[in-house]
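As structure tokens, the structure follows; a few thoughts come after it.
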Amino acid sequence: MFDSLISPLITLTTQVGEVIMSFYKSDVSVVVKPDQTPLTVVDQTAHQLIVEGLNNLTPNTPILSEESNEISFNERSTWSEYWLIDPLDGTKDFLEHTGEFCICIAYIKNNKPLFGLVYAPLERIHYYTLDGQSFKQQAGAKTLLKTSPASNPLKVVIGHHSFHNEQLTNHLKHQSSYSISRLGSALKFCQVAEGRYDYYPRFGPCSEWDTAAGVCILQNAGGSVADEQGQALKYNTKDDLLSPIFFASGKS
């Protein structure tokens, strides 16, 4: 299925990325949602374009987006498979002009991500999974992604807004030697997948559409993502759509 979808998905996300970049560094009005995350016309426009594109590609597959109208768990629980998307992951980074934002598209079946695609519009880089492997594609050149053996000191990557988290600080005390870098959005998963970083612990709040595509990419590149009980993350199993605390590693 994804063999035939990857090309149109790359085309779709490239086009949506161009629309996103047309708003970049311009004055964009911001609404703060009830969960205290920002919402802009960029998020909403990207959402509409991606949903329209996915409906054309797979008209009978449900779609759950960060910007969807609320869909009850009663309805969602009947879905055995669906698209899970974040049309603009890293809205704060978009507004702060860090460049570290992306489009996330995952395909979930039986509560697990089967496919993941992350597109970074500023650098025009696609990361995606296919046939049990992960790839990076830029300017027409495709490379296989493989995680690297852990470095010493351990190369840790966290979000720009995570450094005041007490749980994270206490967790890292157990590491004998490490360096910390900061990076926005689901690009953290992708850069662990390509061996730039070794470890991405997440204690702050995030949602299922923030993790699914990146988790799939990292796992298919040889890494792992587990919750506090050491279990793989599951999707669409409860009323809320919050992801648990997790630890993403280049080690499987």
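Residues are referred to by chain and number: the chain letter is A, B, ... according to the order shown in the structure tokens, the number counts from 1 in that chain, and ligands are numbered separately from 1 in the order shown.
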Legend entry - In stretch 17-161 of chain A, DSSP helix (DSSP H, G or I) residues written as number ranges by chain: A: 17-22, 41-57, 73-76, 91-96
Legend entry - DSSP strand (DSSP E) residues within stretch 33-243 of chain A, listed as JSON, numbers by chain: {"A": [38, 39, 40, 63, 64, 65, 81, 82, 83, 84, 85, 86, 87, 88, 89, 102, 103, 104, 105, 106, 107, 108, 109, 112, 113, 114, 115, 116, 117, 118, 119, 120, 125, 126, 127, 128, 129, 130, 133, 134, 135, 136, 137, 138, 141, 142, 143, 144, 154, 155, 156, 157, 158, 178, 179, 180, 181, 182, 199, 200, 201, 202, 224, 225, 226, 227]}
Inset, instruction - List the neighbours of stretch 33-49 of chain A out to 9 Å using only C-alpha atoms; skip same-chain residues closer than 6 positions along the sequence, and give me the result as a PyMOL selection string. - result: chain A and resi 12+16-17+19-20+23+65-68+85-89+91-92+103
File dump, residues just selected, N, CA and C atoms, as an mmCIF file, in the first residue's frame:
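Output file out.cif is given in full below:
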```cif
data_model
loop_
_atom_site.group_PDB
_atom_site.id
_atom_site.type_symbol
_atom_site.label_atom_id
_atom_site.label_comp_id
_atom_site.auth_asym_id
_atom_site.auth_seq_id
_atom_site.Cartn_x
_atom_site.Cartn_y
_atom_site.Cartn_z
ATOM 1 N N LEU A 12 2.392 15.801 -1.979
ATOM 2 C CA LEU A 12 1.416 16.524 -1.153
ATOM 3 C C LEU A 12 2.115 17.348 -0.074
ATOM 4 N N VAL A 16 2.232 21.386 0.508
ATOM 5 C CA VAL A 16 1.752 22.003 1.750
ATOM 6 C C VAL A 16 2.890 22.766 2.425
ATOM 7 N N GLY A 17 4.094 22.213 2.357
ATOM 8 C CA GLY A 17 5.251 22.898 2.916
ATOM 9 C C GLY A 17 5.489 24.248 2.270
ATOM 10 N N VAL A 19 3.178 26.167 1.028
ATOM 11 C CA VAL A 19 2.150 27.052 1.577
ATOM 12 C C VAL A 19 2.550 27.508 2.980
ATOM 13 N N ILE A 20 3.020 26.577 3.810
ATOM 14 C CA ILE A 20 3.476 26.932 5.159
ATOM 15 C C ILE A 20 4.576 27.997 5.078
ATOM 16 N N PHE A 23 3.913 31.757 4.678
ATOM 17 C CA PHE A 23 3.540 32.532 5.863
ATOM 18 C C PHE A 23 4.740 32.829 6.765
ATOM 19 N N SER A 65 -6.646 14.565 13.043
ATOM 20 C CA SER A 65 -5.655 15.628 12.977
ATOM 21 C C SER A 65 -5.700 16.447 14.259
ATOM 22 N N GLU A 66 -4.574 17.067 14.565
ATOM 23 C CA GLU A 66 -4.580 17.970 15.719
ATOM 24 C C GLU A 66 -5.649 19.039 15.563
ATOM 25 N N GLU A 67 -5.909 19.435 14.337
ATOM 26 C CA GLU A 67 -6.875 20.506 14.108
ATOM 27 C C GLU A 67 -8.256 19.991 13.715
ATOM 28 N N SER A 68 -8.503 18.689 13.873
ATOM 29 C CA SER A 68 -9.841 18.151 13.618
ATOM 30 C C SER A 68 -10.827 18.675 14.650
ATOM 31 N N ILE A 85 -2.408 12.838 11.944
ATOM 32 C CA ILE A 85 -1.558 13.903 11.405
ATOM 33 C C ILE A 85 -1.433 15.099 12.344
ATOM 34 N N ASP A 86 -0.272 15.726 12.266
ATOM 35 C CA ASP A 86 -0.061 17.052 12.839
ATOM 36 C C ASP A 86 0.339 17.943 11.667
ATOM 37 N N PRO A 87 -0.559 18.815 11.224
ATOM 38 C CA PRO A 87 -0.294 19.594 10.015
ATOM 39 C C PRO A 87 0.895 20.549 10.153
ATOM 40 N N LEU A 88 1.133 21.035 11.382
ATOM 41 C CA LEU A 88 2.295 21.885 11.639
ATOM 42 C C LEU A 88 2.769 21.588 13.056
ATOM 43 N N ASP A 89 3.690 20.660 13.162
ATOM 44 C CA ASP A 89 4.249 20.310 14.463
ATOM 45 C C ASP A 89 5.380 21.287 14.771
ATOM 46 N N THR A 91 4.495 24.626 16.183
ATOM 47 C CA THR A 91 3.955 25.959 15.876
ATOM 48 C C THR A 91 4.726 27.051 16.606
ATOM 49 N N LYS A 92 5.125 26.785 17.858
ATOM 50 C CA LYS A 92 5.922 27.781 18.596
ATOM 51 C C LYS A 92 7.236 28.056 17.872
ATOM 52 N N ILE A 103 5.784 18.772 9.187
ATOM 53 C CA ILE A 103 4.501 18.109 8.965
ATOM 54 C C ILE A 103 4.668 16.650 9.391
#
```
Inset, instruction - Find the spatial neighbours of stretch 142-159 of chain A, counting only C-alpha atoms, within a cut-off of 9 Å - ignore same-chain residues fewer than 6 positions away - and output them as a PyMOL selection string. - result: chain A and resi 127+133-136+175-185+188+190-202+217-218+220-223+249-251
Save out the residues we just selected, C-alpha atoms, as a CSV table (one decimal), in the first residue's frame.
```csv
chain,number,residue,atom,x,y,z
A,127,TYR,CA,11.9,11.4,6.5
A,133,GLN,CA,13.2,0.7,6.8
A,134,SER,CA,13.5,4.4,7.2
A,135,PHE,CA,14.8,6.9,4.7
A,136,LYS,CA,15.8,10.6,4.4
A,175,GLN,CA,23.6,9.5,33.2
A,176,SER,CA,27.4,9.5,34.0
A,177,SER,CA,28.3,11.8,31.1
A,178,TYR,CA,26.1,13.6,28.6
A,179,SER,CA,25.7,16.7,26.5
A,180,ILE,CA,22.4,18.4,25.8
A,181,SER,CA,21.1,19.9,22.5
A,182,ARG,CA,17.8,21.5,21.9
A,183,LEU,CA,15.6,21.0,18.9
A,184,GLY,CA,12.0,21.7,18.1
A,185,SER,CA,9.2,19.3,17.0
A,188,LYS,CA,14.2,15.1,17.4
A,190,CYS,CA,14.4,11.9,13.0
A,191,GLN,CA,17.8,13.1,14.1
A,192,VAL,CA,18.1,10.3,16.6
A,193,ALA,CA,17.2,8.0,13.7
A,194,GLU,CA,20.0,9.4,11.5
A,195,GLY,CA,22.5,9.1,14.3
A,196,ARG,CA,23.0,12.8,15.2
A,197,TYR,CA,21.7,12.2,18.7
A,198,ASP,CA,21.6,9.2,21.0
A,199,TYR,CA,18.7,9.8,23.3
A,200,TYR,CA,15.5,11.9,23.5
A,201,PRO,CA,13.6,11.6,26.9
A,202,ARG,CA,10.2,13.4,27.1
A,217,ILE,CA,10.7,6.4,11.7
A,218,LEU,CA,13.0,5.9,14.7
A,220,ASN,CA,12.4,1.4,11.6
A,221,ALA,CA,15.9,2.9,11.7
A,222,GLY,CA,17.0,0.6,14.5
A,223,GLY,CA,15.9,2.6,17.6
A,249,SER,CA,16.8,5.9,22.0
A,250,GLY,CA,19.0,5.0,19.1
A,251,LYS,CA,19.4,1.6,20.8
```
Legend entry - Residues near A:Glu228, cut-off 7 Å, only C-alpha atoms, skip fewer than 2 positions along chain, as an MDAnalysis selection string: chainID A and resid 226 230 245:246
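In terms of minimum interatomic distance to A:Cys206, A:Leu242 ranks closest within A:Leu5, A:Leu242, A:Leu187, A:Ala232, counting only C-alpha atoms.
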